[in-house]
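Colleague: My structure is in query.tsv, and what it holds is TSV, C-alpha atoms:
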chain	number	residue	atom	x	y	z
U	1	MET	CA	8.27	4.92	-24.41
U	2	VAL	CA	5.37	3.61	-22.33
U	3	LEU	CA	2.98	6.01	-20.59
U	4	ASP	CA	0.58	4.53	-18.08
U	5	ALA	CA	-2.27	6.76	-16.93
U	6	ALA	CA	-3.13	5.18	-13.57
U	7	HIS	CA	-6.67	4.13	-12.59
U	8	GLY	CA	-9.66	4.50	-14.94
U	9	GLY	CA	-13.23	3.27	-15.23
U	10	ASP	CA	-14.72	2.34	-11.85
U	11	GLU	CA	-11.35	2.84	-10.18
U	12	ALA	CA	-11.27	6.64	-9.73
U	13	GLY	CA	-8.13	6.87	-7.58
U	14	ALA	CA	-7.60	9.83	-5.25
U	15	ALA	CA	-10.21	12.58	-5.00
U	16	LEU	CA	-8.56	15.80	-6.19
U	17	GLY	CA	-9.81	19.39	-6.11
U	18	ALA	CA	-11.46	19.44	-9.52
U	19	GLY	CA	-12.08	15.75	-10.13
U	20	PRO	CA	-10.77	12.25	-9.74
U	21	GLU	CA	-7.15	11.16	-10.14
U	22	LYS	CA	-8.04	9.02	-13.17
U	23	ALA	CA	-9.03	12.13	-15.19
U	24	LEU	CA	-5.87	14.09	-14.39
U	25	THR	CA	-3.55	11.17	-15.15
U	26	LEU	CA	-5.26	10.68	-18.51
U	27	THR	CA	-4.96	14.40	-19.31
U	28	LEU	CA	-1.25	14.34	-18.44
U	29	SER	CA	-0.69	11.14	-20.43
U	30	VAL	CA	-2.36	12.55	-23.56
U	31	ARG	CA	-0.47	15.83	-23.28
U	32	LEU	CA	2.86	14.09	-22.73
U	33	ARG	CA	2.21	11.61	-25.56
U	34	SER	CA	1.69	14.52	-27.98
U	35	LEU	CA	4.91	16.23	-26.85
U	36	LEU	CA	6.92	13.01	-27.15
U	37	ALA	CA	5.43	12.07	-30.55
U	38	ALA	CA	6.40	15.53	-31.82
U	39	ARG	CA	9.98	14.77	-30.77
U	40	GLY	CA	10.05	11.50	-32.70
U	41	PHE	CA	9.27	9.07	-29.88
U	42	GLN	CA	7.21	5.98	-30.50
U	43	VAL	CA	4.78	6.13	-27.58
U	44	VAL	CA	2.67	3.27	-26.23
U	45	THR	CA	-0.12	4.15	-23.79
U	46	THR	CA	-1.99	1.75	-21.53
U	47	ARG	CA	-5.27	3.62	-21.91
U	48	GLU	CA	-6.63	6.42	-24.09
U	49	SER	CA	-10.03	6.84	-22.46
U	50	ASP	CA	-11.84	6.38	-19.16
U	51	VAL	CA	-11.66	2.59	-19.06
U	52	ALA	CA	-10.54	0.18	-16.34
U	53	VAL	CA	-7.31	-1.68	-17.12
U	54	GLU	CA	-6.01	-4.43	-14.84
U	55	ALA	CA	-2.55	-3.86	-13.32
U	56	ASP	CA	-1.23	-7.07	-14.91
U	57	HIS	CA	-2.54	-6.02	-18.33
U	58	ARG	CA	-0.81	-2.66	-18.00
U	59	ALA	CA	2.46	-4.47	-17.25
U	60	GLU	CA	1.83	-6.84	-20.19
U	61	ILE	CA	1.45	-3.89	-22.58
U	62	ALA	CA	4.65	-2.31	-21.25
U	63	ASN	CA	6.68	-5.51	-21.24
U	64	HIS	CA	5.71	-6.43	-24.82
U	65	SER	CA	6.73	-3.00	-26.11
U	66	GLY	CA	10.44	-3.30	-25.23
U	67	ALA	CA	10.35	0.32	-24.10
U	68	VAL	CA	13.39	2.44	-23.31
U	69	ALA	CA	11.45	3.84	-20.32
U	70	CYS	CA	8.09	3.28	-18.62
U	71	LEU	CA	6.30	6.03	-16.70
U	72	THR	CA	3.23	5.33	-14.60
U	73	LEU	CA	1.43	8.59	-13.88
U	74	HIS	CA	-0.41	9.26	-10.60
U	75	ALA	CA	-1.79	12.33	-8.79
U	76	THR	CA	-2.53	13.18	-5.18
U	77	GLU	CA	-3.53	16.03	-2.89
U	78	ALA	CA	-0.96	14.98	-0.25
U	79	GLY	CA	2.53	16.47	-0.18
U	80	SER	CA	3.93	19.02	-2.59
U	81	GLY	CA	5.48	19.06	-6.09
U	82	VAL	CA	6.33	15.80	-7.83
U	83	HIS	CA	7.04	12.50	-6.07
U	84	ILE	CA	9.17	10.08	-8.08
U	85	PHE	CA	9.14	6.47	-6.91
U	86	VAL	CA	11.31	3.54	-7.90
U	87	SER	CA	10.35	0.00	-6.93
U	88	SER	CA	11.62	-1.03	-3.49
U	89	LEU	CA	12.58	-4.51	-4.75
U	90	ALA	CA	16.18	-5.50	-4.09
U	91	PRO	CA	18.29	-5.35	-7.28
U	92	ALA	CA	18.81	-8.68	-9.05
U	93	GLY	CA	20.82	-9.75	-12.09
U	94	GLU	CA	19.23	-10.24	-15.50
U	95	ALA	CA	18.09	-13.77	-16.26
U	96	ARG	CA	16.41	-15.53	-19.18
U	97	PHE	CA	13.27	-16.13	-17.18
U	98	ILE	CA	12.22	-13.64	-14.50
U	99	PRO	CA	9.33	-13.90	-12.02
U	100	TRP	CA	6.37	-11.77	-13.05
U	101	LYS	CA	5.85	-10.19	-9.63
U	102	THR	CA	9.50	-9.14	-9.26
U	103	ALA	CA	10.44	-8.48	-12.89
U	104	GLN	CA	11.53	-4.94	-12.02
U	105	ALA	CA	14.33	-6.28	-9.77
U	106	ALA	CA	16.55	-6.73	-12.83
U	107	TRP	CA	16.00	-3.09	-13.85
U	108	ILE	CA	16.37	-1.28	-10.53
U	109	SER	CA	19.73	0.37	-11.28
U	110	ARG	CA	18.46	1.69	-14.65
U	111	SER	CA	15.24	2.86	-12.99
U	112	LEU	CA	17.25	4.77	-10.38
U	113	GLU	CA	19.21	6.45	-13.20
U	114	LEU	CA	15.93	7.37	-14.91
U	115	ALA	CA	14.64	8.82	-11.63
U	116	GLY	CA	17.82	10.91	-11.39
U	117	VAL	CA	17.33	12.32	-14.92
U	118	LEU	CA	13.68	13.18	-14.17
U	119	ASP	CA	14.72	14.78	-10.86
U	120	SER	CA	17.26	17.04	-12.62
U	121	ALA	CA	14.84	18.10	-15.36
U	122	LEU	CA	11.99	18.88	-12.96
U	123	ASN	CA	14.28	20.81	-10.60
U	124	HIS	CA	15.58	22.74	-13.62
U	125	ALA	CA	11.95	23.68	-14.38
U	126	GLY	CA	11.52	24.93	-10.79
U	127	ILE	CA	9.33	22.01	-9.70
U	128	PRO	CA	10.23	20.53	-6.27
U	129	VAL	CA	10.86	16.79	-6.38
U	130	THR	CA	10.78	14.10	-3.70
U	131	LEU	CA	12.46	10.79	-4.47
U	132	GLY	CA	11.35	7.55	-2.82
U	133	ARG	CA	11.03	3.79	-3.07
U	134	VAL	CA	7.69	1.99	-3.00
U	135	GLY	CA	6.18	-1.46	-3.22
U	136	MET	CA	3.54	-1.28	-6.01
U	137	PRO	CA	2.28	-4.40	-7.79
U	138	MET	CA	2.20	-2.87	-11.30
U	139	LEU	CA	5.60	-1.15	-10.98
U	140	ASP	CA	7.19	-4.34	-9.63
U	141	SER	CA	6.10	-6.28	-12.73
U	142	LEU	CA	7.65	-3.94	-15.32
U	143	ALA	CA	10.65	-5.24	-17.30
U	144	CYS	CA	12.01	-1.85	-18.34
U	145	PRO	CA	13.54	1.22	-16.67
U	146	ALA	CA	10.43	2.33	-14.80
U	147	VAL	CA	9.31	4.99	-12.34
U	148	ALA	CA	6.00	6.07	-10.83
U	149	VAL	CA	5.50	9.82	-11.15
U	150	GLU	CA	2.99	11.21	-8.65
U	151	VAL	CA	2.09	14.86	-9.14
U	152	ALA	CA	0.80	16.97	-6.23
U	153	PRO	CA	-0.10	20.64	-5.86
U	154	GLN	CA	2.83	22.92	-5.09
U	155	ARG	CA	2.56	24.29	-1.56
U	156	GLY	CA	4.24	27.16	0.26
U	157	ALA	CA	5.91	27.02	3.66
U	158	ASP	CA	2.48	27.59	5.26
U	159	GLU	CA	1.14	24.48	3.48
U	160	ALA	CA	-1.20	26.63	1.37
U	161	VAL	CA	-1.57	25.56	-2.27
U	162	ARG	CA	0.46	27.84	-4.56
U	163	GLU	CA	-0.03	25.98	-7.82
U	164	SER	CA	-3.10	23.82	-8.26
U	165	LEU	CA	-3.10	20.72	-10.46
U	166	ASP	CA	-6.35	21.95	-12.04
U	167	ASP	CA	-4.47	24.79	-13.71
U	168	PRO	CA	-3.78	23.89	-17.39
U	169	ALA	CA	-0.59	26.01	-17.28
U	170	VAL	CA	0.74	23.89	-14.38
U	171	GLN	CA	-0.14	20.70	-16.27
U	172	ALA	CA	1.64	22.02	-19.38
U	173	ARG	CA	4.77	22.89	-17.37
U	174	LEU	CA	4.81	19.42	-15.82
U	175	ALA	CA	4.41	17.75	-19.22
U	176	ASP	CA	7.13	19.94	-20.76
U	177	ALA	CA	9.59	19.11	-17.97
U	178	LEU	CA	8.84	15.38	-18.21
U	179	ALA	CA	9.23	15.46	-22.02
U	180	ALA	CA	12.59	17.25	-21.69
U	181	ALA	CA	13.76	14.62	-19.19
U	182	LEU	CA	12.71	11.75	-21.44
U	183	LEU	CA	14.47	13.35	-24.41
U	184	GLU	CA	17.66	13.46	-22.36
U	185	TRP	CA	17.09	9.88	-21.21
U	186	ARG	CA	16.81	8.72	-24.84
U	187	SER	CA	20.07	10.47	-25.68
U	188	LEU	CA	21.77	8.76	-22.74
U	189	ALA	CA	20.34	5.39	-23.72
U	190	ARG	CA	21.56	5.78	-27.31
U	191	GLY	CA	24.96	6.90	-26.08
U	192	ALA	CA	25.23	3.83	-23.86
U	193	ARG	CA	24.69	1.42	-26.82
Y	1	MET	CA	-48.22	-49.09	-0.74
Y	2	ILE	CA	-45.45	-49.33	1.87
Y	3	PRO	CA	-45.95	-51.57	4.91
Y	4	ARG	CA	-47.28	-49.88	8.07
Y	5	HIS	CA	-44.14	-50.52	10.16
Y	6	GLN	CA	-41.93	-48.86	7.51
Y	7	ALA	CA	-44.21	-45.82	7.42
Y	8	VAL	CA	-43.98	-45.55	11.21
Y	9	ILE	CA	-40.14	-45.79	11.11
Y	10	LEU	CA	-40.01	-43.15	8.38
Y	11	ILE	CA	-42.18	-40.77	10.39
Y	12	LEU	CA	-40.08	-41.37	13.53
Y	13	LEU	CA	-36.84	-40.70	11.61
Y	14	LEU	CA	-38.34	-37.53	10.15
Y	15	LEU	CA	-39.39	-36.33	13.61
Y	16	ALA	CA	-35.93	-37.17	15.02
Y	17	SER	CA	-34.29	-35.16	12.20
Y	18	ILE	CA	-36.49	-32.14	12.93
Y	19	VAL	CA	-35.80	-32.34	16.68
Y	20	MET	CA	-32.03	-32.65	16.07
Y	21	GLY	CA	-32.17	-29.68	13.70
Y	22	VAL	CA	-33.92	-27.54	16.32
Y	23	VAL	CA	-31.41	-28.58	19.01
Y	24	LEU	CA	-28.44	-27.79	16.74
Y	25	TRP	CA	-29.94	-24.40	15.81
Y	26	ASN	CA	-30.36	-23.54	19.51
Y	27	LEU	CA	-26.78	-24.60	20.30
Y	28	ARG	CA	-25.49	-22.46	17.40
Y	29	GLU	CA	-27.46	-19.42	18.61
Y	30	ARG	CA	-26.16	-19.87	22.16
Y	31	ALA	CA	-22.54	-20.15	20.92
Y	32	HIS	CA	-23.03	-17.05	18.76
Y	33	GLN	CA	-24.39	-15.09	21.75
Y	34	ARG	CA	-21.43	-16.21	23.88
Y	35	LEU	CA	-19.03	-15.04	21.13
Y	36	LEU	CA	-20.70	-11.63	20.86
Y	37	GLN	CA	-20.66	-11.17	24.63
Y	38	GLY	CA	-16.97	-12.08	24.68
Y	39	GLN	CA	-16.20	-9.54	21.93
Y	40	ALA	CA	-18.13	-6.81	23.72
Y	41	SER	CA	-16.18	-7.36	26.91
Y	42	ALA	CA	-12.76	-7.65	25.19
Y	43	PRO	CA	-10.53	-4.71	26.07
Y	44	THR	CA	-9.93	-2.36	23.15
Y	45	GLN	CA	-7.48	-0.14	24.99
Y	46	ALA	CA	-4.64	-0.82	27.35
Y	47	PRO	CA	-5.87	-1.01	30.94
Y	48	GLN	CA	-4.86	2.10	32.85
Y	49	VAL	CA	-3.43	-0.08	35.65
Y	50	ALA	CA	-0.63	-1.18	33.30
Y	51	ALA	CA	2.69	0.45	34.07
Y	52	ALA	CA	3.43	3.54	32.00
Y	53	GLU	CA	6.44	2.99	29.76
Y	54	GLN	CA	8.15	4.94	27.05
Y	55	ALA	CA	7.31	4.02	23.46
Y	56	THR	CA	8.86	5.41	20.29
Y	57	LEU	CA	6.48	6.14	17.44
Y	58	LEU	CA	7.78	6.74	13.91
Y	59	VAL	CA	5.33	9.43	12.86
Y	60	ALA	CA	4.81	10.13	9.15
Y	61	SER	CA	4.71	13.61	7.67
Y	62	ASP	CA	3.27	14.20	4.20
Y	63	ALA	CA	4.99	17.59	3.93
Y	64	ASP	CA	8.47	16.15	4.54
Y	65	ASP	CA	7.79	12.74	2.94
Y	66	ALA	CA	9.50	11.18	5.96
Y	67	VAL	CA	8.92	9.43	9.26
Y	68	THR	CA	10.43	10.91	12.41
Y	69	PRO	CA	10.77	9.30	15.87
Y	70	ARG	CA	8.68	10.76	18.72
Y	71	ALA	CA	8.69	9.45	22.28
Y	72	PHE	CA	5.44	8.92	24.24
Y	73	THR	CA	4.72	7.55	27.70
Y	74	LEU	CA	1.91	5.00	27.52
Y	75	PRO	CA	0.40	2.36	29.79
Y	76	LEU	CA	1.60	-0.79	28.00
Y	77	PRO	CA	0.42	-4.34	28.64
Y	78	ARG	CA	2.99	-7.12	29.15
Y	79	SER	CA	1.88	-9.31	26.24
Y	80	PRO	CA	3.96	-8.35	23.16
Y	81	GLU	CA	0.93	-8.69	20.85
Y	82	ALA	CA	-1.27	-6.48	23.03
Y	83	ARG	CA	1.63	-4.06	23.45
Y	84	ALA	CA	2.08	-3.83	19.66
Y	85	ARG	CA	-1.63	-3.16	19.22
Y	86	VAL	CA	-1.65	-0.39	21.85
Y	87	ILE	CA	1.43	1.28	20.31
Y	88	LEU	CA	-0.02	1.16	16.79
Y	89	GLY	CA	-3.33	2.40	18.21
Y	90	LYS	CA	-1.57	5.48	19.60
Y	91	LEU	CA	0.09	6.04	16.20
Y	92	PHE	CA	-3.29	5.85	14.45
Y	93	ASP	CA	-4.83	8.17	17.05
Y	94	LEU	CA	-2.20	10.78	16.10
Y	95	TYR	CA	-3.09	10.41	12.41
Y	96	ALA	CA	-6.80	10.87	13.19
Y	97	LEU	CA	-6.28	14.17	15.04
Y	98	PRO	CA	-7.32	17.41	13.29
Y	99	GLY	CA	-4.28	19.06	11.70
Y	100	SER	CA	-2.34	15.79	11.63
Y	101	SER	CA	0.92	15.74	9.65
Y	102	HIS	CA	-0.36	12.58	7.94
Y	103	PRO	CA	-4.17	12.57	7.99
Y	104	ALA	CA	-5.80	9.13	8.15
Y	105	PRO	CA	-9.18	8.60	9.80
Y	106	GLY	CA	-10.15	5.79	12.12
Y	107	GLY	CA	-7.87	6.11	15.15
Y	108	ALA	CA	-6.85	3.24	17.43
Y	109	SER	CA	-9.79	1.03	16.45
Y	110	SER	CA	-8.29	0.74	12.92
Y	111	VAL	CA	-5.92	-1.94	14.21
Y	112	ALA	CA	-8.06	-5.04	14.77
Y	113	GLN	CA	-5.23	-7.36	15.90
Y	114	VAL	CA	-1.48	-7.80	15.79
Y	115	PHE	CA	-0.13	-11.36	15.71
Y	116	LEU	CA	3.53	-12.19	16.34
Y	117	MET	CA	4.99	-15.42	14.99
Y	118	PRO	CA	8.45	-16.88	14.42
Y	119	VAL	CA	9.77	-16.14	10.94
Y	120	THR	CA	8.69	-18.94	8.57
Y	121	GLY	CA	11.20	-21.65	7.73
Y	122	SER	CA	12.95	-21.67	11.08
Y	123	ALA	CA	12.17	-23.43	14.29
Y	124	ARG	CA	11.56	-20.69	16.85
Y	125	PRO	CA	15.07	-19.25	17.11
Y	126	THR	CA	15.99	-17.86	20.48
Y	127	ASP	CA	18.65	-15.57	21.80
Y	128	SER	CA	20.54	-16.01	25.06
Y	129	SER	CA	17.57	-14.74	27.11
Y	130	GLY	CA	15.24	-17.31	25.57
Y	131	ALA	CA	13.19	-14.73	23.66
Y	132	ALA	CA	12.41	-15.17	19.99
Y	133	ALA	CA	15.26	-13.71	17.92
Y	134	SER	CA	13.29	-13.02	14.75
Y	135	GLU	CA	9.53	-12.61	14.47
Y	136	ILE	CA	7.02	-11.67	11.83
Y	137	ALA	CA	4.20	-9.31	12.82
Y	138	VAL	CA	0.89	-9.75	11.05
Y	139	VAL	CA	-1.11	-6.52	11.35
Y	140	ASN	CA	-4.83	-6.96	10.78
Y	141	LEU	CA	-6.36	-3.62	9.80
Y	142	THR	CA	-10.08	-2.92	9.62
Y	143	GLY	CA	-11.81	-2.65	6.26
Y	144	ALA	CA	-13.22	0.72	7.32
Y	145	PHE	CA	-9.68	2.09	7.74
Y	146	ALA	CA	-8.54	0.83	4.33
Y	147	ALA	CA	-11.70	2.17	2.68
Y	148	SER	CA	-11.27	5.64	4.16
Y	149	HIS	CA	-7.47	5.94	3.86
Y	150	PRO	CA	-6.46	8.78	1.49
Y	151	SER	CA	-5.39	7.40	-1.89
Y	152	GLY	CA	-1.89	8.13	-3.18
Y	153	ILE	CA	1.52	6.49	-3.51
Y	154	GLU	CA	3.23	8.78	-1.01
Y	155	THR	CA	0.53	8.80	1.66
Y	156	GLU	CA	-0.06	5.04	1.52
Y	157	SER	CA	3.63	4.13	1.52
Y	158	LEU	CA	4.20	6.45	4.50
Y	159	THR	CA	1.45	4.67	6.45
Y	160	VAL	CA	3.01	1.28	5.73
Y	161	LEU	CA	6.50	2.59	6.48
Y	162	SER	CA	5.50	4.16	9.80
Y	163	ILE	CA	3.74	0.98	10.95
Y	164	CYS	CA	6.76	-1.21	10.12
Y	165	ALA	CA	9.29	1.21	11.63
Y	166	THR	CA	7.20	1.74	14.80
Y	167	LEU	CA	6.88	-2.02	15.37
Y	168	HIS	CA	10.63	-2.51	14.91
Y	169	ALA	CA	11.50	0.43	17.19
Y	170	ASN	CA	9.48	-0.99	20.09
Y	171	LEU	CA	9.78	-4.72	19.40
Y	172	PRO	CA	13.28	-5.18	17.90
Y	173	GLU	CA	12.65	-8.89	17.39
Y	174	VAL	CA	10.08	-8.01	14.70
Y	175	THR	CA	12.05	-8.23	11.45
Y	176	GLU	CA	9.17	-8.75	9.01
Y	177	VAL	CA	5.66	-7.33	8.73
Y	178	ARG	CA	2.68	-8.54	6.74
Y	179	PHE	CA	-0.77	-6.98	6.44
Y	180	LEU	CA	-4.32	-8.26	6.44
Y	181	VAL	CA	-7.53	-6.28	6.07
Y	182	ASP	CA	-10.52	-7.73	7.92
Y	183	GLY	CA	-8.56	-10.97	8.24
Y	184	GLU	CA	-7.96	-11.37	4.51
Y	185	THR	CA	-5.16	-10.49	2.12
Y	186	ARG	CA	-5.76	-7.35	0.09
Y	187	ALA	CA	-3.85	-6.19	-3.00
Y	188	THR	CA	-3.27	-2.57	-1.96
Y	189	LEU	CA	-4.07	-0.25	0.92
Y	190	ALA	CA	-6.04	2.31	-1.11
Y	191	GLY	CA	-5.06	1.56	-4.71
Y	192	HIS	CA	-1.27	1.98	-4.52
Y	193	ALA	CA	0.88	0.52	-1.71
Y	194	ASP	CA	1.31	-3.25	-2.02
Y	195	LEU	CA	-0.19	-5.15	0.93
Y	196	THR	CA	0.58	-8.63	-0.42
Y	197	ARG	CA	4.33	-8.51	0.13
Y	198	THR	CA	6.33	-9.12	3.29
Y	199	TYR	CA	8.01	-5.90	4.44
Y	200	LEU	CA	11.46	-6.14	6.01
Y	201	THR	CA	11.70	-3.75	8.95
Y	202	ALA	CA	15.45	-3.25	8.35
Y	203	GLU	CA	14.51	-1.41	5.15
Y	204	THR	CA	12.05	0.89	6.92
Y	205	VAL	CA	14.33	2.31	9.61
Y	206	PRO	CA	14.87	6.00	8.77
Y	207	ARG	CA	18.43	6.99	8.01
Y	208	PRO	CA	19.97	9.85	10.03
Take the structure in the file and write it out as structure tokens.
Modeller:
Amino acid sequence: MVLDAAHGGDEAGAALGAGPEKALTLTLSVRLRSLLAARGFQVVTTRESDVAVEADHRAEIANHSGAVACLTLHATEAGSGVHIFVSSLAPAGEARFIPWKTAQAAWISRSLELAGVLDSALNHAGIPVTLGRVGMPMLDSLACPAVAVEVAPQRGADEAVRESLDDPAVQARLADALAAALLEWRSLARGAR
Amino acid sequence: MIPRHQAVILILLLLASIVMGVVLWNLRERAHQRLLQGQASAPTQAPQVAAAEQATLLVASDADDAVTPRAFTLPLPRSPEARARVILGKLFDLYALPGSSHPAPGGASSVAQVFLMPVTGSARPTDSSGAAASEIAVVNLTGAFAASHPSGIETESLTVLSICATLHANLPEVTEVRFLVDGETRATLAGHADLTRTYLTAETVPRP
């Protein structure tokens, strides 16, 4: 399993209520890594501290790990709940050599399945989910089932924030739901072999 | 000791070089002034004498994570490139309003230029009316807009999506869109959405 805490170092990402995006993604990554390790996963992370890591280097780490799933973690103040994005590249067949910038094309169908499993688990935990497709350089270079998970505050019908991302209980619930989804994904992957 | 005539020639050449340098500097300054005056007088908004026409804007909403069509009546110039710039300017004006469904500062001035060109690899294909059948739009955004755009996958991808879909809705011949920021390629809009790829407008049209 590869966990990528987006941004880091000089690249702070979005400005959130209680701090920059880079801090929240790292917190989520560390929390999720612990939960997954406790369930017997071998977890590879792209960063463990507040350091800048190039997008290509993040993809290199993920692609060398041969991971069963790759999650790149982001956070935002826009929207509500969790946004799950799959690369918008057109699906392509597997080949011996694949272009770096469109490596994800060979994994799109598996990535869509992974997004579906995450969607179910998060909905089961009462967290609203929005599914989408996006063109993102790092995501497009991943040679594994991969999704970008962007967490946002939960808002009511009046757009007021009901659950802030600064709340450790909200972070724990998000990490628990993601860990449950990845556990199910591993079971499905083993069953498919 | 160099001969006297060579010293004279050397001094004359040196003087000629200095005079030519001064003349060139003056010409450069005059050209620069002409350029600045031209920029200052260039229209940044559609002239009000242009006929008012209906334009469809695909307006993004962060709450719904979607773009929805809205019709506006605008004075639109005849030139397709100027028309595209005016339409995108209106879209960006909506995003800059207080309480916008998709906040993004900057307004109409965030779109520096829009260039329309035939799709690469084909001689300008034409339909029966003689108009270009397939064009690529190159949208040149200002660096100030990119620097102040909210960061996030959803918000950035909605901005890109709404630009592409709005261009296609009003100029159906636009099938591809590329982005520049201050005239140069840029990796992402604000850290997430890819600005180096060519976007196909067929993939950005919202499904009913």
Colleague: Quick one: residues within 10 Å of range 160-167 of chain U, only C-alpha atoms counted, chain neighbours fewer than 4 positions away excluded, as a list in words?
Modeller: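 Using only C-alpha atoms, the neighbours found are Leu16, Gly17, Ala18, Gly19, Leu24, Ala75, Thr76, Glu77, Ser80, Gly81, Val151, Ala152, Pro153, Gln154, Arg155, Gly156, Gln171, Ala172 and Leu174 of chain U.
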Colleague: Give me a file of those residues, with C-alpha atoms, as a compact mmCIF listing (two decimals), keeping the file's coordinate frame.
Modeller:
# COMPACT_ATOMS: atom_id res chain seq x y z
CA LEU U 16 -8.56 15.80 -6.19
CA GLY U 17 -9.81 19.39 -6.11
CA ALA U 18 -11.46 19.44 -9.52
CA GLY U 19 -12.08 15.75 -10.13
CA LEU U 24 -5.87 14.09 -14.39
CA ALA U 75 -1.79 12.33 -8.79
CA THR U 76 -2.53 13.18 -5.18
CA GLU U 77 -3.53 16.03 -2.89
CA SER U 80 3.93 19.02 -2.59
CA GLY U 81 5.48 19.06 -6.09
CA VAL U 151 2.09 14.86 -9.14
CA ALA U 152 0.80 16.97 -6.23
CA PRO U 153 -0.10 20.64 -5.86
CA GLN U 154 2.83 22.92 -5.09
CA ARG U 155 2.56 24.29 -1.56
CA GLY U 156 4.24 27.16 0.26
CA GLN U 171 -0.14 20.70 -16.27
CA ALA U 172 1.64 22.02 -19.38
CA LEU U 174 4.81 19.42 -15.82
Colleague: Choose the residue, out of U:Thr27, U:Ser111, U:Ser87, U:Asn63, that has the smallest atom-to-atom separation from chain Y; count all atoms listed in the file.
Modeller: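 Under the stated criterion, the closest residue is U:Ser87.
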Colleague: With all atoms listed in the file as the atoms that count, which of U:Ala14, U:Val129, U:Ala6, U:Ala181 lies nearest to Glu54 in chain U?
Modeller: U:Ala6
Colleague: Just the residues within 6 Å of range 182-197 of chain Y, please, counting only C-alpha atoms, with nothing from its chain fewer than 4 positions along; format it as an mmCIF file with C-alpha atoms, in the coordinates of the input.
Modeller:
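Written out: result.cif:
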data_model
loop_
_atom_site.group_PDB
_atom_site.id
_atom_site.type_symbol
_atom_site.label_atom_id
_atom_site.label_comp_id
_atom_site.auth_asym_id
_atom_site.auth_seq_id
_atom_site.Cartn_x
_atom_site.Cartn_y
_atom_site.Cartn_z
ATOM 1 C CA GLY U 135 6.180 -1.460 -3.220
ATOM 2 C CA MET U 136 3.540 -1.280 -6.010
ATOM 3 C CA PRO U 137 2.280 -4.400 -7.790
ATOM 4 C CA THR Y 142 -10.080 -2.920 9.620
ATOM 5 C CA GLY Y 143 -11.810 -2.650 6.260
ATOM 6 C CA ALA Y 146 -8.540 0.830 4.330
ATOM 7 C CA SER Y 151 -5.390 7.400 -1.890
ATOM 8 C CA ILE Y 153 1.520 6.490 -3.510
ATOM 9 C CA GLU Y 156 -0.060 5.040 1.520
ATOM 10 C CA SER Y 157 3.630 4.130 1.520
#
Colleague: CA of Met20 in chain Y and CA of Val8 in chain Y are how many Å apart?
Modeller: 18.2 Å
